[in-house]
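Novice: Here you go, work-v2.txt (compact mmCIF, C-alpha atoms):
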```txt
# COMPACT_ATOMS: atom_id res chain seq x y z
CA MET P 949 30.72 72.31 -1.60
CA ASP P 950 32.13 68.93 -2.47
CA TYR P 951 34.25 68.95 0.69
CA PHE P 952 31.30 69.86 2.86
CA LYS P 953 29.30 66.99 1.35
CA GLU P 954 32.12 64.59 2.14
CA PHE P 955 32.06 65.72 5.75
CA PHE P 956 28.32 65.87 6.22
CA LYS P 957 27.51 62.46 4.77
CA GLY P 958 28.95 60.82 7.89
CA VAL P 959 26.59 62.84 10.08
CA TRP P 960 23.38 62.16 8.17
CA GLN P 961 23.09 60.12 4.92
CA LYS P 962 25.70 57.57 5.96
CA ASN P 963 25.59 57.91 9.73
CA PRO P 964 27.70 54.93 10.89
CA ILE P 965 25.28 53.74 13.57
CA LEU P 966 21.84 54.72 12.31
CA VAL P 967 22.31 54.05 8.59
CA LEU P 968 25.33 51.81 8.05
CA GLY P 969 24.59 49.87 11.23
CA ILE P 970 28.23 49.42 12.26
CA GLY P 971 29.98 50.05 15.56
CA MET P 972 27.02 48.85 17.61
CA CYS P 973 29.07 47.30 20.41
CA PRO P 974 30.42 50.50 22.01
CA THR P 975 27.12 52.22 21.15
CA LEU P 976 25.16 49.88 23.37
CA ALA P 977 27.80 49.45 26.05
CA VAL P 978 29.25 52.84 26.92
CA THR P 979 26.22 55.08 26.56
CA THR P 980 25.44 55.02 30.27
CA SER P 981 26.53 58.61 30.81
CA ALA P 982 27.01 61.65 28.61
CA SER P 983 30.67 62.08 29.56
CA ASN P 984 31.45 58.44 28.72
CA ALA P 985 29.86 58.95 25.30
CA ILE P 986 31.93 62.04 24.58
CA TRP P 987 35.20 60.38 25.60
CA MET P 988 34.41 57.26 23.59
CA ALA P 989 33.56 59.35 20.54
CA THR P 990 36.76 61.39 20.92
CA ALA P 991 38.91 58.27 21.22
CA THR P 992 37.24 56.62 18.22
CA THR P 993 37.47 59.78 16.10
CA PHE P 994 41.17 60.09 16.85
CA VAL P 995 41.84 56.49 15.80
CA LEU P 996 39.63 56.89 12.73
CA LEU P 997 41.39 60.09 11.69
CA GLY P 998 44.85 58.59 12.18
CA SER P 999 44.07 55.38 10.34
CA ASN P 1000 42.27 57.16 7.48
CA ILE P 1001 45.21 59.53 6.93
CA LEU P 1002 47.81 56.76 6.95
CA VAL P 1003 45.79 54.32 4.89
CA SER P 1004 45.08 56.87 2.18
CA THR P 1005 48.73 57.99 2.16
CA ILE P 1006 50.05 54.48 1.54
CA ARG P 1007 47.11 53.32 -0.60
CA THR P 1008 49.15 53.22 -3.82
CA ILE P 1009 52.03 51.13 -2.48
CA VAL P 1010 50.03 48.55 -0.51
CA PRO P 1011 49.55 45.27 -2.42
CA SER P 1012 45.82 44.55 -2.35
CA HIS P 1013 46.12 40.93 -1.15
CA VAL P 1014 47.86 41.93 2.12
CA ARG P 1015 45.93 45.16 2.77
CA ILE P 1016 43.83 43.87 5.69
CA PRO P 1017 46.78 42.90 7.96
CA ILE P 1018 48.41 46.23 7.16
CA PHE P 1019 45.25 48.19 8.00
CA ILE P 1020 44.80 46.28 11.24
CA THR P 1021 48.42 46.96 12.26
CA ILE P 1022 47.89 50.67 11.68
CA ILE P 1023 44.58 50.75 13.56
CA ALA P 1024 45.94 48.70 16.48
CA SER P 1025 48.90 51.05 16.84
CA PHE P 1026 46.63 54.09 17.09
CA VAL P 1027 44.39 52.32 19.60
CA ILE P 1028 47.36 51.51 21.84
CA ILE P 1029 48.47 55.15 21.62
CA VAL P 1030 44.99 56.25 22.76
CA GLU P 1031 44.90 53.61 25.49
CA LEU P 1032 48.27 54.55 26.98
CA THR P 1033 47.55 58.28 26.77
CA LEU P 1034 44.20 57.94 28.53
CA LYS P 1035 45.72 55.66 31.16
CA ALA P 1036 48.45 58.19 31.87
CA PHE P 1037 46.51 61.44 31.78
CA GLN P 1038 42.82 60.58 32.25
CA PRO P 1039 42.79 57.53 34.55
CA ASP P 1040 39.15 58.04 35.58
CA VAL P 1041 38.01 58.01 31.96
CA TYR P 1042 40.15 54.95 31.30
CA LYS P 1043 38.52 53.19 34.24
CA ALA P 1044 35.00 54.14 33.14
CA LEU P 1045 35.44 52.98 29.54
CA GLY P 1046 37.43 49.91 30.55
CA ILE P 1047 37.60 47.16 27.95
CA PHE P 1048 35.92 49.30 25.27
CA ILE P 1049 39.09 51.29 24.63
CA PRO P 1050 41.15 48.28 23.46
CA LEU P 1051 38.04 47.06 21.61
CA ILE P 1052 38.17 50.09 19.29
CA VAL P 1053 40.55 47.89 17.24
CA VAL P 1054 37.64 45.73 16.16
CA ASN P 1055 35.19 48.62 15.77
CA CYS P 1056 33.81 48.09 12.27
CA ILE P 1057 33.60 51.83 11.63
CA ILE P 1058 37.38 52.14 11.50
CA LEU P 1059 38.26 49.13 9.35
CA GLY P 1060 35.12 49.79 7.30
CA ARG P 1061 36.15 53.34 6.45
CA ALA P 1062 39.77 52.30 5.78
CA GLU P 1063 38.64 49.58 3.40
CA GLU P 1064 35.75 51.35 1.76
CA PHE P 1065 36.87 54.96 1.65
CA ALA P 1066 40.47 55.77 2.63
CA SER P 1067 42.05 53.08 0.44
CA LYS P 1068 40.34 54.62 -2.62
CA ASN P 1069 40.38 58.37 -1.98
CA SER P 1070 42.82 61.21 -1.46
CA VAL P 1071 44.15 62.25 1.94
CA VAL P 1072 42.03 65.43 2.16
CA HIS P 1073 38.83 63.54 1.39
CA SER P 1074 39.80 60.83 3.86
CA ILE P 1075 40.33 63.40 6.62
CA LEU P 1076 36.90 64.91 5.98
CA ASP P 1077 35.35 61.47 5.85
CA ALA P 1078 36.94 60.52 9.18
CA LEU P 1079 35.83 63.76 10.86
CA GLY P 1080 32.30 63.44 9.51
CA MET P 1081 32.01 59.82 10.58
CA GLY P 1082 33.45 60.73 13.98
CA VAL P 1083 30.95 63.54 14.48
CA GLY P 1084 28.07 61.33 13.33
CA PHE P 1085 29.16 58.57 15.70
CA GLY P 1086 29.67 61.06 18.54
CA LEU P 1087 26.31 62.79 18.08
CA THR P 1088 24.43 59.51 18.06
CA LEU P 1089 26.29 58.32 21.15
CA PHE P 1090 25.65 61.62 22.89
CA ILE P 1091 21.89 61.59 22.19
CA LEU P 1092 21.61 57.97 23.36
CA ALA P 1093 23.70 58.57 26.46
CA THR P 1094 21.88 61.76 27.45
CA ALA P 1095 18.49 60.09 27.19
CA ARG P 1096 19.69 57.07 29.16
CA GLU P 1097 21.47 59.06 31.84
CA ILE P 1098 18.53 61.41 32.45
CA LEU P 1099 15.91 58.65 32.58
CA GLY P 1100 18.01 55.90 34.11
CA ALA P 1101 20.14 57.74 36.65
CA ASN P 1102 18.32 61.08 37.08
CA LYS P 1103 21.62 62.74 36.22
CA PHE P 1104 23.24 64.81 33.52
CA PHE P 1105 27.04 64.82 33.26
CA GLY P 1106 27.08 63.31 36.75
CA TYR P 1107 24.93 65.97 38.41
CA THR P 1108 21.58 65.08 39.92
CA LEU P 1109 18.66 66.68 38.11
CA ILE P 1110 15.71 66.30 40.47
CA PRO P 1111 16.76 65.61 44.06
CA GLY P 1112 15.03 62.68 45.73
CA MET P 1113 13.45 61.24 42.59
CA LYS P 1114 13.95 57.51 41.95
CA PRO P 1115 15.17 56.96 38.38
CA ALA P 1116 14.05 54.18 36.03
CA ILE P 1117 17.07 51.89 36.48
CA LEU P 1118 16.03 49.82 33.46
CA MET P 1119 17.14 52.63 31.16
CA ILE P 1120 20.74 52.50 32.36
CA LEU P 1121 20.90 48.71 32.06
CA ALA P 1122 21.39 46.90 28.75
CA PRO P 1123 17.69 46.82 27.70
CA GLY P 1124 17.54 50.62 27.99
CA ALA P 1125 20.22 50.87 25.30
CA PHE P 1126 18.15 48.78 22.89
CA PHE P 1127 14.98 50.75 23.58
CA THR P 1128 16.68 54.10 23.05
CA LEU P 1129 18.52 52.94 19.94
CA GLY P 1130 15.27 51.55 18.51
CA LEU P 1131 13.45 54.83 19.10
CA LEU P 1132 16.31 56.78 17.55
CA LEU P 1133 16.31 54.55 14.44
CA TRP P 1134 12.54 54.98 14.17
CA ALA P 1135 12.84 58.79 14.44
CA MET P 1136 15.59 58.83 11.82
CA ASN P 1137 13.56 56.72 9.39
CA VAL P 1138 10.42 58.84 9.89
CA ILE P 1139 12.33 62.00 9.05
CA LYS P 1140 13.96 60.37 6.03
CA SER P 1141 10.74 59.00 4.59
CA ARG P 1142 8.93 62.32 5.15
CA LYS P 1143 11.70 64.07 3.28
CA ALA P 1144 11.55 61.58 0.43
CA ARG P 1145 7.76 61.94 0.14
CA PHE P 1146 8.09 65.72 0.16
CA LYS P 1147 10.57 65.54 -2.68
CA ARG P 1148 8.29 63.26 -4.76
CA THR P 1149 5.29 65.53 -4.41
CA GLU P 1150 7.37 68.46 -5.56
CA MET D 1052 51.03 34.87 -7.55
CA LYS D 1053 54.51 35.67 -8.68
CA ALA D 1054 57.53 35.37 -6.39
CA ALA D 1055 58.20 39.09 -6.78
CA ASP D 1056 54.72 39.88 -5.39
CA ILE D 1057 55.35 37.80 -2.30
CA VAL D 1058 58.69 39.48 -1.69
CA LYS D 1059 57.16 42.92 -2.11
CA ALA D 1060 54.27 42.18 0.26
CA THR D 1061 56.66 40.78 2.86
CA ILE D 1062 58.89 43.83 2.71
CA ILE D 1063 55.96 46.24 3.05
CA ILE D 1064 54.43 44.40 6.00
CA THR D 1065 57.83 44.28 7.70
CA ILE D 1066 58.40 48.00 7.23
CA ILE D 1067 54.95 48.89 8.57
CA GLY D 1068 55.33 46.55 11.51
CA PHE D 1069 58.70 48.08 12.27
CA ILE D 1070 57.40 51.65 12.13
CA SER D 1071 54.43 50.82 14.32
CA ALA D 1072 56.57 49.01 16.91
CA PHE D 1073 59.00 51.90 16.98
CA SER D 1074 56.32 54.56 17.47
CA LEU D 1075 54.59 52.49 20.14
CA SER D 1076 57.77 52.05 22.14
CA PHE D 1077 58.18 55.82 21.94
CA VAL D 1078 54.64 56.43 23.28
CA LYS D 1079 55.19 53.79 25.96
CA LYS D 1080 58.33 55.60 27.11
CA ILE D 1081 56.47 58.91 27.45
CA THR D 1082 53.48 57.49 29.30
CA GLN D 1083 55.26 54.97 31.53
CA GLU D 1084 56.16 57.43 34.23
CA PRO D 1085 52.75 59.14 34.59
CA ILE D 1086 51.02 55.74 34.67
CA ALA D 1087 53.28 54.43 37.44
CA LYS D 1088 52.81 57.70 39.32
CA GLN D 1089 49.01 57.52 39.01
CA GLU D 1090 48.94 53.98 40.36
CA GLN D 1091 51.23 54.85 43.24
CA GLU D 1092 49.16 57.92 44.15
CA LYS D 1093 45.96 55.93 44.01
CA LYS D 1094 47.37 53.32 46.36
CA LEU D 1095 48.66 55.91 48.82
CA ALA D 1096 45.36 57.79 48.79
CA ALA D 1097 43.48 54.56 49.48
CA LEU D 1098 45.85 53.66 52.33
CA ALA D 1099 45.56 57.13 53.86
CA MET D 1100 41.80 56.76 53.72
CA VAL D 1101 41.60 53.37 55.43
CA LEU D 1102 44.26 54.10 58.05
CA PRO D 1103 43.58 57.72 59.05
CA GLY D 1104 46.35 59.18 61.18
CA TYR D 1105 48.71 56.24 60.79
CA THR D 1106 52.03 56.11 59.02
CA ILE D 1107 52.69 53.19 56.73
CA GLU D 1108 55.70 51.16 57.84
CA GLN D 1109 55.99 48.49 55.21
CA GLU D 1110 54.21 46.57 52.51
CA LYS D 1111 54.29 42.76 52.61
CA THR D 1112 53.09 40.07 50.26
CA VAL D 1113 52.88 36.51 51.54
CA ARG D 1114 51.38 33.32 50.17
CA ILE D 1115 48.40 32.02 52.11
CA ASP D 1116 46.53 28.95 50.88
CA ASN D 1117 48.61 29.28 47.73
CA MET D 1118 47.19 32.72 47.01
CA PRO D 1119 49.20 35.92 47.25
CA PHE D 1120 48.00 38.16 50.06
CA THR D 1121 49.13 41.76 50.37
CA TYR D 1122 49.00 43.72 53.59
CA TRP D 1123 50.51 46.84 55.06
CA VAL D 1124 51.78 47.50 58.57
CA ALA D 1125 51.19 50.96 60.00
CA ILE D 1126 51.92 52.62 63.34
CA LYS D 1127 50.67 55.64 65.23
CA ASN D 1128 52.21 57.27 68.26
CA GLU D 1129 49.46 58.26 70.67
CA ASN D 1130 50.37 59.62 74.13
CA ASN D 1131 53.73 57.85 73.90
CA VAL D 1132 52.03 54.54 73.22
CA VAL D 1133 52.81 53.01 69.85
CA LYS D 1134 49.67 51.67 68.26
CA LYS D 1135 49.77 49.21 65.40
CA ALA D 1136 47.29 48.83 62.59
CA TRP D 1137 47.07 46.85 59.40
CA ALA D 1138 45.54 47.33 56.01
CA PHE D 1139 44.89 44.46 53.63
CA LEU D 1140 43.47 43.79 50.22
CA ALA D 1141 40.18 41.91 50.23
CA GLU D 1142 38.60 40.36 47.17
CA LYS D 1143 35.48 38.32 46.55
CA LYS D 1144 33.35 37.59 43.53
CA GLY D 1145 30.24 39.73 43.45
CA TYR D 1146 27.44 39.70 40.94
CA GLY D 1147 29.45 40.98 37.98
CA GLY D 1148 33.00 39.94 38.78
CA PRO D 1149 35.47 40.41 41.61
CA ILE D 1150 34.99 43.28 44.04
CA GLN D 1151 38.38 44.43 45.26
CA SER D 1152 38.67 46.54 48.36
CA ILE D 1153 41.19 47.69 50.91
CA VAL D 1154 40.41 47.42 54.63
CA GLY D 1155 42.17 49.03 57.58
CA VAL D 1156 41.91 47.38 61.02
CA ASP D 1157 43.47 48.13 64.39
CA GLU D 1158 44.78 45.72 67.05
CA SER D 1159 41.30 44.82 68.31
CA ASN D 1160 39.96 44.09 64.80
CA VAL D 1161 37.94 47.27 64.64
CA ILE D 1162 37.63 48.56 61.09
CA LEU D 1163 39.28 51.96 60.77
CA GLY D 1164 38.44 52.52 57.16
CA PHE D 1165 37.16 50.72 54.12
CA THR D 1166 37.24 51.60 50.46
CA ILE D 1167 36.35 49.72 47.30
CA LEU D 1168 39.10 49.84 44.70
CA SER D 1169 37.40 48.16 41.78
CA GLN D 1170 34.03 46.63 41.08
CA ASN D 1171 31.96 45.72 38.07
CA GLU D 1172 28.47 45.49 39.52
CA THR D 1173 25.16 46.38 37.88
CA PRO D 1174 24.75 50.15 37.53
CA GLY D 1175 21.95 51.44 39.72
CA LEU D 1176 21.93 48.29 41.87
CA GLY D 1177 25.21 46.71 42.99
CA ALA D 1178 27.30 49.59 41.74
CA ARG D 1179 25.69 51.71 44.41
CA CYS D 1180 28.36 50.27 46.72
CA VAL D 1181 30.54 53.15 45.50
CA GLU D 1182 27.70 55.65 45.26
CA VAL D 1183 28.26 59.01 46.86
CA VAL D 1184 25.00 60.52 48.02
CA SER D 1185 24.98 64.00 46.67
CA ASN D 1186 22.18 66.44 47.11
CA GLU D 1187 23.95 68.72 44.75
CA THR D 1188 21.82 69.18 41.66
CA PHE D 1189 22.63 70.38 38.21
CA ILE D 1190 20.95 73.70 39.00
CA ASP D 1191 22.93 74.09 42.24
CA HIS D 1192 26.19 73.54 40.47
CA PHE D 1193 25.79 75.74 37.44
CA ILE D 1194 23.11 78.31 38.16
CA THR D 1195 22.82 79.17 41.85
CA LYS D 1196 26.34 77.88 42.62
CA ASN D 1197 25.10 76.82 46.04
CA ILE D 1198 27.64 74.10 46.79
CA THR D 1199 27.30 73.45 50.50
CA ASN D 1200 25.82 70.02 50.96
CA LYS D 1201 28.62 68.10 49.31
CA GLU D 1202 29.66 64.70 50.65
CA GLU D 1203 32.72 62.91 49.41
CA VAL D 1204 32.45 59.57 51.20
CA SER D 1205 30.34 56.72 49.90
CA TRP D 1206 27.54 55.89 52.32
CA PHE D 1207 27.92 52.15 51.86
CA GLN D 1208 31.64 52.16 52.62
CA GLU D 1209 31.28 54.56 55.54
CA GLN D 1210 29.02 52.05 57.31
CA PHE D 1211 31.92 49.67 57.92
CA VAL D 1212 33.94 52.14 59.99
CA GLY D 1213 33.78 51.15 63.67
CA LEU D 1214 32.50 47.62 63.11
CA ASN D 1215 34.35 44.62 64.46
CA ALA D 1216 35.82 42.59 61.62
CA GLY D 1217 36.74 39.70 63.93
CA THR D 1218 33.13 38.62 64.34
CA PRO D 1219 30.78 38.09 61.39
CA ILE D 1220 29.27 41.30 60.06
CA ALA D 1221 25.49 40.96 59.93
CA ILE D 1222 23.40 42.30 57.07
CA GLN D 1223 20.16 44.04 57.90
CA LYS D 1224 17.63 45.20 55.38
CA LYS D 1225 16.72 48.60 56.61
CA GLY D 1226 16.43 50.34 53.31
CA ASP D 1227 18.43 53.39 52.36
CA TRP D 1228 21.14 54.51 54.69
CA HIS D 1229 20.93 57.66 56.78
CA LYS D 1230 23.12 58.83 59.62
CA GLU D 1231 20.65 58.08 62.44
CA MET D 1232 20.94 54.36 61.66
CA LYS D 1233 24.62 54.18 62.60
CA GLN D 1234 24.17 53.77 66.41
CA GLU D 1235 21.72 50.92 66.08
CA LEU D 1236 23.72 49.12 63.40
CA ILE D 1237 26.97 49.32 65.36
CA GLN D 1238 25.29 47.63 68.34
CA HIS D 1239 24.44 44.67 66.15
CA ASN D 1240 27.77 44.80 64.28
CA ALA D 1241 25.69 45.11 61.14
CA ILE D 1242 25.36 47.09 57.95
CA THR D 1243 22.28 47.86 55.94
CA ALA D 1244 22.18 46.10 52.58
CA ILE D 1245 22.01 47.86 49.24
CA THR D 1246 18.40 47.54 48.11
CA GLY D 1247 18.16 44.91 45.39
CA ALA D 1248 21.83 43.97 45.61
CA THR D 1249 22.15 41.44 48.43
CA ILE D 1250 24.76 39.46 46.50
CA THR D 1251 27.02 42.49 46.30
CA THR D 1252 26.55 43.29 49.99
CA LYS D 1253 27.28 39.69 50.99
CA ALA D 1254 30.37 39.54 48.80
CA VAL D 1255 31.76 42.63 50.49
CA THR D 1256 31.17 41.41 54.06
CA GLN D 1257 32.51 37.96 53.22
CA SER D 1258 35.61 39.42 51.60
CA ILE D 1259 36.32 41.31 54.83
CA GLU D 1260 35.82 38.19 56.95
CA GLU D 1261 38.07 36.08 54.74
CA GLY D 1262 40.60 38.87 54.54
CA ILE D 1263 40.94 39.27 58.28
CA GLN D 1264 41.40 35.52 58.72
CA LYS D 1265 44.19 35.64 56.16
CA LEU D 1266 45.70 38.63 57.92
CA HIS D 1267 45.85 36.75 61.22
CA LYS D 1268 47.40 33.76 59.47
CA ALA D 1269 49.97 36.03 57.88
CA LEU D 1270 50.79 37.67 61.19
CA THR D 1271 51.28 34.36 63.02
CA LEU D 1272 53.37 33.17 60.10
CA GLN D 1273 55.55 36.21 60.57
CA GLU D 1274 56.01 35.52 64.30
CA VAL D 1275 57.04 31.91 63.70
CA GLN D 1276 59.72 33.03 61.32
```
Could you render the structure from this file as structure tokens?
Specialist:
Amino acid sequence: MDYFKEFFKGVWQKNPILVLGIGMCPTLAVTTSASNAIWMATATTFVLLGSNILVSTIRTIVPSHVRIPIFITIIASFVIIVELTLKAFQPDVYKALGIFIPLIVVNCIILGRAEEFASKNSVVHSILDALGMGVGFGLTLFILATAREILGANKFFGYTLIPGMKPAILMILAPGAFFTLGLLLWAMNVIKSRKARFKRTE
Amino acid sequence: MKAADIVKATIIITIIGFISAFSLSFVKKITQEPIAKQEQEKKLAALAMVLPGYTIEQEKTVRIDNMPFTYWVAIKNENNVVKKAWAFLAEKKGYGGPIQSIVGVDESNVILGFTILSQNETPGLGARCVEVVSNETFIDHFITKNITNKEEVSWFQEQFVGLNAGTPIAIQKKGDWHKEMKQELIQHNAITAITGATITTKAVTQSIEEGIQKLHKALTLQEVQ
């Protein structure tokens, strides 16, 4: 039960985007299509998993005053691995995500989890934490991207939904990302406060 | 901080840096070949698209106005007459950064093919310069599996085929492209602009004009030598 909690907290109670408010840059930038969102989430989850495992493995031997450069070296190495692999085997995805692949290095989710969680917990817990955070990040990205792609491009995974209909281009441009994210945050907070009220009245 | 602490930290950072550099060089070695192959294939596919039916003879890079300019020489044997054609890289700043394209022209400056290699224009507006009009819907693809009306070529890029690059290409605002427009546009040596993205359209036509001037310079340069 404890393990499940560790995993699930990244999806709901501590969702990186909607609750912790970190990793906003790729969230706003790459959610123009559902497939972009899924690839971005996969790449980030891989880096997060790799860095969490390594950081928690070496957590006892790393002197605390030089931990940040060490964490960054580890994260950057994983990001370059992802970048080269995508470039070699998924060039279209690499082209679509562009600069946001190398920018995973500075994604706060990864350094944040390394600093806050992996450097203090065991490897198994760190793996679950990374997977949970990855799924939470991915789900949020996917919901945002689906809403934006359907409204802003009249498409879903690149296929036209209603032939001949003009989409609301605004939704696929930058403002659309803010609108959708705002609505999602509002929905999340409504559900949370309802739940809390329900618990109090019990 | 004690001296021993500093030594320990230095050693640990060095070891981690060493391990990471080693593993990255390993990954680099694995991926190097596929990446080079991808780029080569992409280039060949683009060349085959802009010079249909021609065989590429050679690739040349010269300096024109202190800028590198790459072009390809291609030939085709038609009824025992050797026909020459050229392809060149054209680039011009659009609305969101440079738009890079590759253009194929024959001896009388008629555009044989045109394809955009990279662009960073606004999605839904300027980025429609690479849009492929597809009537295929989500339902067609997954439920009825009725995949007949599939088009692979971008409508915006297809418009350039048959135009004369030697004279300025006019831009007309005729709204969305459809096939019946082609005859009329060719008479005026014109293309129809992307709605709401005149800057993108202009950048593309200007890049072709500048490119063909550079190509002629490069060719005369070659003859002098």
Novice: For chain P, list the residues within 10 Å of chain D, counting only C-alpha atoms, and write the list as a ChimeraX atom specification.
Specialist: /P:980,1009-1015,1017-1019,1021-1026,1028-1030,1032-1039,1043,1100-1112,1115-1122
Novice: So, with only C-alpha atoms as the atoms that count, which of P:Ala1062, P:Ala1093, P:Lys1114, P:Ile1057 lies closest to Phe1126 (chain P)?
Specialist: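 That would be P:Ala1093, the residue with the smallest distance to Phe1126 (chain P).
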Novice: Please provide as JSON, numbers by chain all residues within 6 Å of region 1133-1150 of chain P, with the sequence filter that same-chain residues fewer than 2 positions apart are discarded (counting only C-alpha atoms).
Specialist: {"P": [966, 1130, 1131]}
Novice: Can you tell me, as a PyMOL selection string, what residues are no more than 12 Å from Pro974 (chain P) when counting all atoms listed in the file, ignoring any on the same chain fewer than 4 positions away?
Specialist: chain P and resi 965+970+978-980+984-989+991-992+1045-1057+1085-1086+1088-1089+1092-1093+1122+1125
Novice: I'd like the contact shell of Gly1084 (chain P) - 12 Å cut-off, all atoms listed in the file, skipping same-chain residues fewer than 2 positions apart - returned as a PDB file with C-alpha atoms, keeping the file's coordinate frame.
Specialist:
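Written output follows (out_27.pdb):
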```pdb
ATOM      1  CA  PHE P 955      32.060  65.720   5.750  1.00  0.00           C
ATOM      2  CA  PHE P 956      28.320  65.870   6.220  1.00  0.00           C
ATOM      3  CA  LYS P 957      27.510  62.460   4.770  1.00  0.00           C
ATOM      4  CA  GLY P 958      28.950  60.820   7.890  1.00  0.00           C
ATOM      5  CA  VAL P 959      26.590  62.840  10.080  1.00  0.00           C
ATOM      6  CA  TRP P 960      23.380  62.160   8.170  1.00  0.00           C
ATOM      7  CA  GLN P 961      23.090  60.120   4.920  1.00  0.00           C
ATOM      8  CA  LYS P 962      25.700  57.570   5.960  1.00  0.00           C
ATOM      9  CA  ASN P 963      25.590  57.910   9.730  1.00  0.00           C
ATOM     10  CA  PRO P 964      27.700  54.930  10.890  1.00  0.00           C
ATOM     11  CA  ILE P 965      25.280  53.740  13.570  1.00  0.00           C
ATOM     12  CA  LEU P 966      21.840  54.720  12.310  1.00  0.00           C
ATOM     13  CA  VAL P 967      22.310  54.050   8.590  1.00  0.00           C
ATOM     14  CA  LEU P 968      25.330  51.810   8.050  1.00  0.00           C
ATOM     15  CA  ILE P 970      28.230  49.420  12.260  1.00  0.00           C
ATOM     16  CA  GLY P 971      29.980  50.050  15.560  1.00  0.00           C
ATOM     17  CA  ILE P 986      31.930  62.040  24.580  1.00  0.00           C
ATOM     18  CA  ALA P 989      33.560  59.350  20.540  1.00  0.00           C
ATOM     19  CA  THR P 990      36.760  61.390  20.920  1.00  0.00           C
ATOM     20  CA  THR P 992      37.240  56.620  18.220  1.00  0.00           C
ATOM     21  CA  THR P 993      37.470  59.780  16.100  1.00  0.00           C
ATOM     22  CA  ILE P1057      33.600  51.830  11.630  1.00  0.00           C
ATOM     23  CA  ASP P1077      35.350  61.470   5.850  1.00  0.00           C
ATOM     24  CA  ALA P1078      36.940  60.520   9.180  1.00  0.00           C
ATOM     25  CA  LEU P1079      35.830  63.760  10.860  1.00  0.00           C
ATOM     26  CA  GLY P1080      32.300  63.440   9.510  1.00  0.00           C
ATOM     27  CA  MET P1081      32.010  59.820  10.580  1.00  0.00           C
ATOM     28  CA  GLY P1082      33.450  60.730  13.980  1.00  0.00           C
ATOM     29  CA  GLY P1086      29.670  61.060  18.540  1.00  0.00           C
ATOM     30  CA  LEU P1087      26.310  62.790  18.080  1.00  0.00           C
ATOM     31  CA  THR P1088      24.430  59.510  18.060  1.00  0.00           C
ATOM     32  CA  LEU P1089      26.290  58.320  21.150  1.00  0.00           C
ATOM     33  CA  PHE P1090      25.650  61.620  22.890  1.00  0.00           C
ATOM     34  CA  ILE P1091      21.890  61.590  22.190  1.00  0.00           C
TER      35      ILE P1091
END
```
Novice: Between D:Glu1129, D:Glu1142, D:Asp1116, D:Asp1227, which is the closest to Val1154 (chain D) once you count all atoms listed in the file?
Specialist: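 So, comparing all the options, the nearest one is D:Glu1142.
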Novice: Near region 1231-1234 of chain D, counting only C-alpha atoms, which residues have an atom at most 10 Å away, once you skip same-chain residues fewer than 2 positions from it, shown as a PyMOL selection string?
Specialist: chain D and resi 1209-1213+1225+1227-1229+1236-1243
